[in-house]
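Novice: Structure file model_1.cif (mmCIF, C-alpha atoms) is given on the next line.
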data_my_file
#
loop_
_atom_site.label_atom_id
_atom_site.label_comp_id
_atom_site.auth_asym_id
_atom_site.auth_seq_id
_atom_site.Cartn_x
_atom_site.Cartn_y
_atom_site.Cartn_z
CA MET A 1 -24.58 -9.68 -3.57
CA PHE A 2 -26.37 -9.17 -0.23
CA GLN A 3 -29.95 -9.07 -1.49
CA GLN A 4 -30.83 -12.46 0.00
CA THR A 5 -29.79 -11.42 3.50
CA HIS A 6 -32.76 -11.87 5.87
CA VAL A 7 -33.59 -8.89 8.07
CA PRO A 8 -36.48 -8.01 10.44
CA TYR A 9 -39.19 -5.79 8.96
CA GLU A 10 -42.13 -3.93 10.34
CA LEU A 11 -44.99 -2.33 8.44
CA LEU A 12 -47.90 -0.27 9.73
CA TYR A 13 -50.77 -1.94 7.86
CA ASP A 14 -54.16 -0.38 7.22
CA PRO A 15 -56.50 -2.30 4.88
CA GLU A 16 -58.26 0.96 4.00
CA ASP A 17 -55.06 2.17 2.34
CA ASP A 18 -54.70 0.25 -0.92
CA THR A 19 -51.04 1.19 -1.51
CA PHE A 20 -49.71 -2.02 0.04
CA HIS A 21 -52.07 -4.15 -2.08
CA ARG A 22 -51.04 -2.27 -5.22
CA PHE A 23 -47.45 -3.13 -4.33
CA LEU A 24 -48.45 -6.79 -3.96
CA SER A 25 -50.16 -6.73 -7.36
CA TRP A 26 -47.09 -5.16 -8.92
CA LEU A 27 -44.92 -7.93 -7.50
CA THR A 28 -47.34 -10.64 -8.66
CA GLN A 29 -47.48 -9.29 -12.21
CA SER A 30 -43.71 -9.30 -12.53
CA ARG A 31 -42.07 -11.84 -14.79
CA GLU A 32 -39.57 -12.56 -12.05
CA GLU A 33 -40.58 -15.63 -10.06
CA THR A 34 -38.77 -14.33 -7.00
CA HIS A 35 -41.06 -11.30 -7.02
CA SER A 36 -44.18 -13.47 -6.92
CA LEU A 37 -42.69 -15.51 -4.10
CA MET A 38 -42.05 -12.29 -2.20
CA ALA A 39 -45.70 -11.29 -2.67
CA ASP A 40 -46.80 -14.66 -1.28
CA ARG A 41 -44.59 -14.18 1.77
CA LEU A 42 -46.05 -10.73 2.41
CA ARG A 43 -49.62 -12.03 2.11
CA ALA A 44 -48.76 -14.70 4.69
CA ALA A 45 -47.77 -11.92 7.13
CA LEU A 46 -51.19 -10.24 6.90
CA PRO A 47 -53.66 -10.72 9.76
CA ARG A 48 -56.30 -13.41 9.29
CA PRO A 49 -60.00 -12.48 9.41
CA ASP A 50 -60.44 -14.30 12.73
CA ASP A 51 -57.54 -12.45 14.39
CA HIS A 52 -59.89 -9.59 15.40
CA VAL A 53 -57.20 -7.00 14.79
CA GLN A 54 -57.78 -3.30 15.38
CA TYR A 55 -56.44 -1.31 12.43
CA PRO A 56 -54.02 0.13 11.66
CA THR A 57 -51.74 -2.53 13.10
CA MET A 58 -48.01 -3.16 13.08
CA LEU A 59 -46.90 -6.22 11.12
CA HIS A 60 -43.61 -7.89 12.06
CA PHE A 61 -41.97 -10.36 9.72
CA SER A 62 -38.62 -11.46 8.31
CA ALA A 63 -37.75 -11.14 4.63
CA GLU A 64 -34.83 -10.59 2.29
CA LEU A 65 -33.09 -7.24 2.00
CA SER A 66 -34.28 -7.26 -1.63
CA LEU A 67 -37.82 -6.45 -0.41
CA LEU A 68 -36.74 -2.92 0.46
CA LEU A 69 -35.04 -2.55 -2.93
CA LEU A 70 -38.21 -3.71 -4.69
CA ALA A 71 -40.30 -1.24 -2.69
CA LEU A 72 -37.99 1.59 -3.73
CA GLU A 73 -38.30 0.47 -7.35
CA PHE A 74 -42.09 0.47 -7.01
CA ASN A 75 -42.03 3.97 -5.50
CA ASN A 76 -40.06 5.30 -8.46
CA ILE A 77 -42.97 4.51 -10.80
CA SER A 78 -45.95 4.95 -8.47
CA ARG A 79 -47.92 8.14 -7.99
CA ARG A 80 -48.76 7.00 -4.47
CA PRO A 81 -45.64 5.47 -2.93
CA LEU A 82 -45.49 2.74 -0.35
CA THR A 83 -44.47 4.23 3.01
CA GLY A 84 -43.63 2.98 6.47
CA LEU A 85 -41.87 -0.25 5.46
CA TYR A 86 -39.02 -0.39 7.95
CA ILE A 87 -36.02 -2.60 8.60
CA ALA A 88 -36.14 -1.87 12.30
CA GLN A 89 -33.35 -2.71 14.72
CA ALA A 90 -31.51 -5.18 12.50
CA SER A 91 -28.47 -6.24 14.49
CA ILE A 92 -25.22 -5.32 12.77
CA ALA A 93 -23.69 -8.47 14.25
CA ASP A 94 -26.16 -10.53 12.20
CA LEU A 95 -25.26 -8.89 8.88
CA PRO A 96 -22.76 -10.39 6.43
CA ASP A 97 -19.23 -9.15 7.05
CA GLY A 98 -19.22 -7.10 3.85
CA LEU A 99 -22.25 -5.11 5.01
CA ALA A 100 -21.15 -4.82 8.63
CA ARG A 101 -17.82 -3.30 7.54
CA ASP A 102 -19.74 -0.43 5.92
CA VAL A 103 -20.82 0.78 9.37
CA PRO A 104 -17.69 0.58 11.55
CA THR A 105 -18.00 1.38 15.24
CA PRO A 106 -17.08 5.06 15.87
CA ASP A 107 -14.05 5.85 18.04
CA LEU A 108 -16.36 7.70 20.43
CA VAL A 109 -18.07 4.42 21.28
CA LEU A 110 -14.83 2.42 21.44
CA LYS A 111 -13.15 4.89 23.80
CA ALA A 112 -16.11 5.88 26.01
CA GLY A 113 -16.84 4.28 29.36
CA LYS A 114 -15.84 0.63 29.50
CA ALA A 115 -15.75 0.34 25.69
CA ASP A 116 -18.33 -2.42 26.11
CA ILE A 117 -20.72 -2.39 23.14
CA TYR A 118 -24.05 -3.72 24.34
CA GLY A 119 -25.54 -3.88 20.84
CA SER A 120 -25.75 -2.09 17.52
CA SER A 121 -28.49 -1.86 14.92
CA ILE A 122 -29.22 -0.53 11.48
CA TRP A 123 -32.53 1.12 10.60
CA LEU A 124 -33.56 1.40 6.94
CA GLY A 125 -37.00 2.31 5.76
CA LEU A 126 -39.40 4.20 3.53
CA GLU A 127 -40.36 7.59 4.89
CA PRO A 128 -42.16 8.38 7.04
CA THR A 129 -40.75 6.13 9.76
CA TYR A 130 -41.48 6.44 13.47
CA THR A 131 -40.16 5.00 16.72
CA SER A 132 -42.42 5.57 19.71
CA PHE A 133 -41.53 7.07 23.08
CA HIS A 134 -39.17 4.88 25.11
CA ARG A 135 -35.88 4.80 26.96
CA ASP A 136 -32.88 2.49 26.64
CA PRO A 137 -31.01 0.63 29.39
CA ASN A 138 -27.66 1.91 28.06
CA PRO A 139 -26.20 5.09 26.56
CA ASN A 140 -26.92 5.35 22.84
CA LEU A 141 -25.16 6.96 19.88
CA LEU A 142 -27.49 7.45 16.89
CA CYS A 143 -25.93 8.33 13.51
CA GLN A 144 -27.80 9.33 10.37
CA LEU A 145 -26.81 7.66 7.09
CA CYS A 146 -29.32 9.04 4.57
CA GLY A 147 -32.42 11.19 4.74
CA HIS A 148 -33.24 13.28 7.79
CA LYS A 149 -34.61 12.41 11.21
CA ALA A 150 -35.91 14.39 14.16
CA VAL A 151 -35.43 13.22 17.75
CA ARG A 152 -37.29 14.57 20.77
CA MET A 153 -35.92 13.76 24.23
CA LEU A 154 -36.91 14.23 27.86
CA PRO A 155 -34.74 13.63 30.97
CA PRO A 156 -35.60 10.57 33.10
CA GLU A 157 -37.99 12.15 35.62
CA SER A 158 -39.86 14.28 33.06
CA GLY A 159 -40.13 11.36 30.66
CA GLU A 160 -41.52 9.02 33.31
CA ARG A 161 -44.04 11.68 34.34
CA LEU A 162 -45.24 12.04 30.74
CA PHE A 163 -45.36 8.26 30.37
CA ARG A 164 -47.65 7.96 33.40
CA GLN A 165 -49.86 10.81 32.17
CA VAL A 166 -50.38 9.18 28.79
CA GLN A 167 -50.99 5.79 30.39
CA ALA A 168 -53.57 7.31 32.73
CA GLY A 169 -55.30 8.92 29.75
CA LEU A 170 -55.57 5.46 28.20
CA GLY A 171 -56.90 3.97 31.41
CA ARG A 172 -53.73 1.94 31.92
CA GLN A 173 -51.03 1.56 34.53
CA GLY A 174 -48.07 0.49 32.43
CA ASN A 175 -44.64 -0.03 33.93
CA PRO A 176 -42.16 2.50 32.47
CA ARG A 177 -39.30 0.06 33.10
CA ILE A 178 -40.86 -2.77 31.12
CA ARG A 179 -41.84 -1.87 27.57
CA GLY A 180 -43.21 -4.36 25.08
CA ALA A 181 -44.64 -4.39 21.58
CA GLU A 182 -47.58 -2.26 22.73
CA MET A 183 -45.42 0.87 22.51
CA MET A 184 -45.26 0.50 18.73
CA ASP A 185 -48.86 -0.45 18.05
CA GLY A 186 -52.43 0.57 18.67
CA PRO A 187 -53.65 3.32 21.01
CA GLU A 188 -50.36 3.73 22.87
CA ARG A 189 -48.42 4.41 19.69
CA ALA A 190 -50.93 7.07 18.62
CA ALA A 191 -51.18 8.64 22.07
CA PHE A 192 -47.44 9.09 22.46
CA TYR A 193 -47.16 10.50 18.96
CA ASP A 194 -49.79 13.12 19.76
CA ALA A 195 -48.17 13.94 23.11
CA LEU A 196 -44.67 14.38 21.68
CA TRP A 197 -45.12 15.54 18.09
CA LYS A 198 -48.45 17.36 17.96
CA GLU A 199 -47.51 18.98 21.25
CA GLN A 200 -44.14 19.63 22.85
CA PRO A 201 -44.01 19.01 26.60
CA PRO A 202 -42.00 21.48 28.73
CA GLY A 203 -38.33 20.60 28.85
CA THR A 204 -38.34 18.69 25.56
CA LEU A 205 -35.07 18.80 23.63
CA GLU A 206 -35.15 18.33 19.85
CA ALA A 207 -32.38 17.47 17.43
CA LYS A 208 -32.65 17.25 13.64
CA LEU A 209 -30.11 14.93 12.10
CA GLN A 210 -28.73 15.21 8.57
CA PRO A 211 -26.60 12.54 6.86
CA GLY A 212 -23.25 12.26 8.62
CA GLU A 213 -24.50 13.72 11.89
CA GLY A 214 -24.84 11.87 15.19
CA LEU A 215 -26.66 12.31 18.49
CA PHE A 216 -25.68 11.01 21.93
CA ILE A 217 -28.70 9.93 24.01
CA PRO A 218 -27.72 9.59 27.70
CA LEU A 219 -28.66 6.62 29.85
CA GLY A 220 -32.29 6.77 30.94
CA TRP A 221 -33.34 9.65 28.71
CA TRP A 222 -36.71 9.13 27.03
CA HIS A 223 -36.83 9.73 23.29
CA THR A 224 -38.90 9.32 20.15
CA VAL A 225 -37.63 9.39 16.57
CA THR A 226 -39.37 10.25 13.32
CA SER A 227 -38.54 10.88 9.67
CA ARG A 228 -41.88 12.64 9.15
CA LEU A 229 -40.02 15.63 7.75
CA SER A 230 -40.77 13.84 4.47
CA THR A 231 -43.68 11.62 3.42
CA ASP A 232 -42.70 10.61 -0.10
CA GLY A 233 -41.57 7.02 0.49
CA SER A 234 -37.90 7.80 -0.06
CA LEU A 235 -35.12 5.92 1.73
CA ASN A 236 -34.12 6.84 5.25
CA GLY A 237 -31.24 5.16 7.06
CA SER A 238 -29.67 5.30 10.52
CA VAL A 239 -27.35 3.21 12.65
CA ASN A 240 -26.89 3.18 16.41
CA TRP A 241 -24.70 1.71 19.11
CA TRP A 242 -25.65 1.00 22.72
CA PHE A 243 -22.60 0.86 24.96
CA ARG A 244 -21.42 0.90 28.56
#
What do you get writing this file as structure tokens?

Specialist:
Amino acid sequence: MFQQTHVPYELLYDPEDDTFHRFLSWLTQSREETHSLMADRLRAALPRPDDHVQYPTMLHFSAELSLLLLALEFNNISRRPLTGLYIAQASIADLPDGLARDVPTPDLVLKAGKADIYGSSIWLGLEPTYTSFHRDPNPNLLCQLCGHKAVRMLPPESGERLFRQVQAGLGRQGNPRIRGAEMMDGPERAAFYDALWKEQPPGTLEAKLQPGEGLFIPLGWWHTVTSRLSTDGSLNGSVNWWFR
């Protein structure tokens, strides 16, 4: 019923990993014309040879919700599953009413502060998924729908100090108050992953969320989120609300 709903996707693409291309071949060989059309759309999202991209790179594109369902179907029959395909920060307000009603706003959000919901998003993807180190301009309630996620957090001053240390190590002077796409791609993505997940800076708080559990992230607290507790391409889902 909702398979044709368009949602924003991201995919960490590495041409040296042939899993994505095997998925494209599987779609192309299907007798369903819609599957071949989906493969064509995915090929159009790939970098061109003259783009001079450093790999791996994050692809951003829009496609139907059915793409995720097809990827799950592919993973059920594949020895090497597709991973990292992520419906990232799809606004609940943009979903059809029937889908949006499945994730009602919690009373905690409605009754806290000014009860002003700044935004809300759903996150659905194939494990492992990863959101790099950042902070939000509003308080955040993150709730786990399926699968498990781990969240590591640092208070504002400690997080900004770590941000500047990592930036200095990269030879950069990034502004911690203005974050762009660079936080999810290239050297910065890898550097923050190493700093937060291969190491654990002093003062780091960690929460592991199971389905049905939620985590409040205070205003200004830096955080990073991963579902790397599993790497088998299974479904992981979360929803969050930013509010004031």

Novice: Name the residues that the PyMOL selection byres ((chain A and resi 67) around 12) picks from the file above, as a PyMOL selection string, using the file's chain letters and numbers.

Specialist: chain A and resi 2-10+23-24+27+34-39+41-42+61-66+68-74+82+85-87+124-126

Novice: Store the residues picked out above, limited to C-alpha atoms, as an mmCIF file, in the coordinates of the input.

Specialist:
data_model
loop_
_atom_site.group_PDB
_atom_site.id
_atom_site.type_symbol
_atom_site.label_atom_id
_atom_site.label_comp_id
_atom_site.auth_asym_id
_atom_site.auth_seq_id
_atom_site.Cartn_x
_atom_site.Cartn_y
_atom_site.Cartn_z
ATOM 1 C CA PHE A 2 -26.370 -9.170 -0.230
ATOM 2 C CA GLN A 3 -29.950 -9.070 -1.490
ATOM 3 C CA GLN A 4 -30.830 -12.460 0.000
ATOM 4 C CA THR A 5 -29.790 -11.420 3.500
ATOM 5 C CA HIS A 6 -32.760 -11.870 5.870
ATOM 6 C CA VAL A 7 -33.590 -8.890 8.070
ATOM 7 C CA PRO A 8 -36.480 -8.010 10.440
ATOM 8 C CA TYR A 9 -39.190 -5.790 8.960
ATOM 9 C CA GLU A 10 -42.130 -3.930 10.340
ATOM 10 C CA PHE A 23 -47.450 -3.130 -4.330
ATOM 11 C CA LEU A 24 -48.450 -6.790 -3.960
ATOM 12 C CA LEU A 27 -44.920 -7.930 -7.500
ATOM 13 C CA THR A 34 -38.770 -14.330 -7.000
ATOM 14 C CA HIS A 35 -41.060 -11.300 -7.020
ATOM 15 C CA SER A 36 -44.180 -13.470 -6.920
ATOM 16 C CA LEU A 37 -42.690 -15.510 -4.100
ATOM 17 C CA MET A 38 -42.050 -12.290 -2.200
ATOM 18 C CA ALA A 39 -45.700 -11.290 -2.670
ATOM 19 C CA ARG A 41 -44.590 -14.180 1.770
ATOM 20 C CA LEU A 42 -46.050 -10.730 2.410
ATOM 21 C CA PHE A 61 -41.970 -10.360 9.720
ATOM 22 C CA SER A 62 -38.620 -11.460 8.310
ATOM 23 C CA ALA A 63 -37.750 -11.140 4.630
ATOM 24 C CA GLU A 64 -34.830 -10.590 2.290
ATOM 25 C CA LEU A 65 -33.090 -7.240 2.000
ATOM 26 C CA SER A 66 -34.280 -7.260 -1.630
ATOM 27 C CA LEU A 68 -36.740 -2.920 0.460
ATOM 28 C CA LEU A 69 -35.040 -2.550 -2.930
ATOM 29 C CA LEU A 70 -38.210 -3.710 -4.690
ATOM 30 C CA ALA A 71 -40.300 -1.240 -2.690
ATOM 31 C CA LEU A 72 -37.990 1.590 -3.730
ATOM 32 C CA GLU A 73 -38.300 0.470 -7.350
ATOM 33 C CA PHE A 74 -42.090 0.470 -7.010
ATOM 34 C CA LEU A 82 -45.490 2.740 -0.350
ATOM 35 C CA LEU A 85 -41.870 -0.250 5.460
ATOM 36 C CA TYR A 86 -39.020 -0.390 7.950
ATOM 37 C CA ILE A 87 -36.020 -2.600 8.600
ATOM 38 C CA LEU A 124 -33.560 1.400 6.940
ATOM 39 C CA GLY A 125 -37.000 2.310 5.760
ATOM 40 C CA LEU A 126 -39.400 4.200 3.530
#

Novice: Got a sec to resolve the PyMOL selection byres ((chain A and resi 89) around 9) on this structure and send the residues as a PyMOL selection string?

Specialist: chain A and resi 8-9+87-88+90-92+120-124+239-240

Novice: Selected by the PyMOL selection byres ((chain A and resi 150-161) around 9) in the shown coordinates: which residues, as a ChimeraX atom specification?

Specialist: /A:133-135,148-149,162-166,176,196-197,200-209,215,217-229

Novice: For CA of Thr131 in chain A and CA of Leu12 in chain A, quote the distance in Å rounded to one decimal.

Specialist: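 CA of Thr131 in chain A sits 11.7 Å away from CA of Leu12 in chain A.
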
Novice: Pick from A:Pro15, A:Pro106, A:Pro47, A:Gly214: nearest to Leu145 in chain A, with only C-alpha atoms counted?

Specialist: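 The answer is A:Gly214, which sits nearest to Leu145 in chain A.
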
Novice: In Å, how far is it from CA of Ser30 in chain A to CA of Asn75 in chain A?

Specialist: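 Atom-to-atom, CA of Ser30 in chain A to CA of Asn75 in chain A, that is 15.1 Å.
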
Novice: Take every atom of range 96-103 of chain A listed in the file, pad by 4 Å on each side, and give me the axis-aligned box centre and edge lengths in Å, one decimal, as AutoDock Vina command-line options.

Specialist:
--center_x -20.3 --center_y -4.8 --center_z 6.6 --size_x 12.9 --size_y 19.2 --size_z 13.5

Novice: So how far away is CA of Pro104 in chain A from CA of Gly119 in chain A, in Å?

Specialist: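 Pair CA of Gly119 in chain A / CA of Pro104 in chain A returns 13.0 Å.
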
Novice: Using all atoms listed in the file for the distances, tell me which of A:Lys111, A:Lys198, A:Arg172, A:Arg79 is nearest to Gly233 in chain A.

Specialist: A:Arg79

Novice: Given the point (-41.8, 8.0, 7.6) in the file's coordinates, find the residues that have an atom at most 6 Å from it, counting all atoms listed in the file, and give them as a PDB file with C-alpha atoms, in the coordinates of the input.

Specialist:
ATOM      1  CA  GLY A  84     -43.630   2.980   6.470  1.00  0.00           C
ATOM      2  CA  GLU A 127     -40.360   7.590   4.890  1.00  0.00           C
ATOM      3  CA  PRO A 128     -42.160   8.380   7.040  1.00  0.00           C
ATOM      4  CA  THR A 129     -40.750   6.130   9.760  1.00  0.00           C
ATOM      5  CA  SER A 227     -38.540  10.880   9.670  1.00  0.00           C
ATOM      6  CA  ARG A 228     -41.880  12.640   9.150  1.00  0.00           C
ATOM      7  CA  THR A 231     -43.680  11.620   3.420  1.00  0.00           C
TER       8      THR A 231
END

Novice: Restricting the calculation to all atoms listed in the file, which member of A:Pro49, A:Pro137, A:Gly174, A:Pro81 is positioned closest to Leu235 in chain A?

Specialist: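 Of all the options, A:Pro81 lies closest to Leu235 in chain A.
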
Novice: Compare A:Ser132, A:Thr19, A:Thr83, A:Gln29 by their minimum atom-to-atom distance to Gly186 in chain A, counting all atoms listed in the file, and give me the closest one.

Specialist: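 Closest residue, counting all atoms listed in the file: A:Ser132.
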
Novice: So which residues touch Tyr55 in chain A within 12 Å, counting all atoms listed in the file, skipping near sequence neighbours fewer than 4 positions away, as a PyMOL selection string?

Specialist: chain A and resi 12-17+46-47+51+59+185-187+190
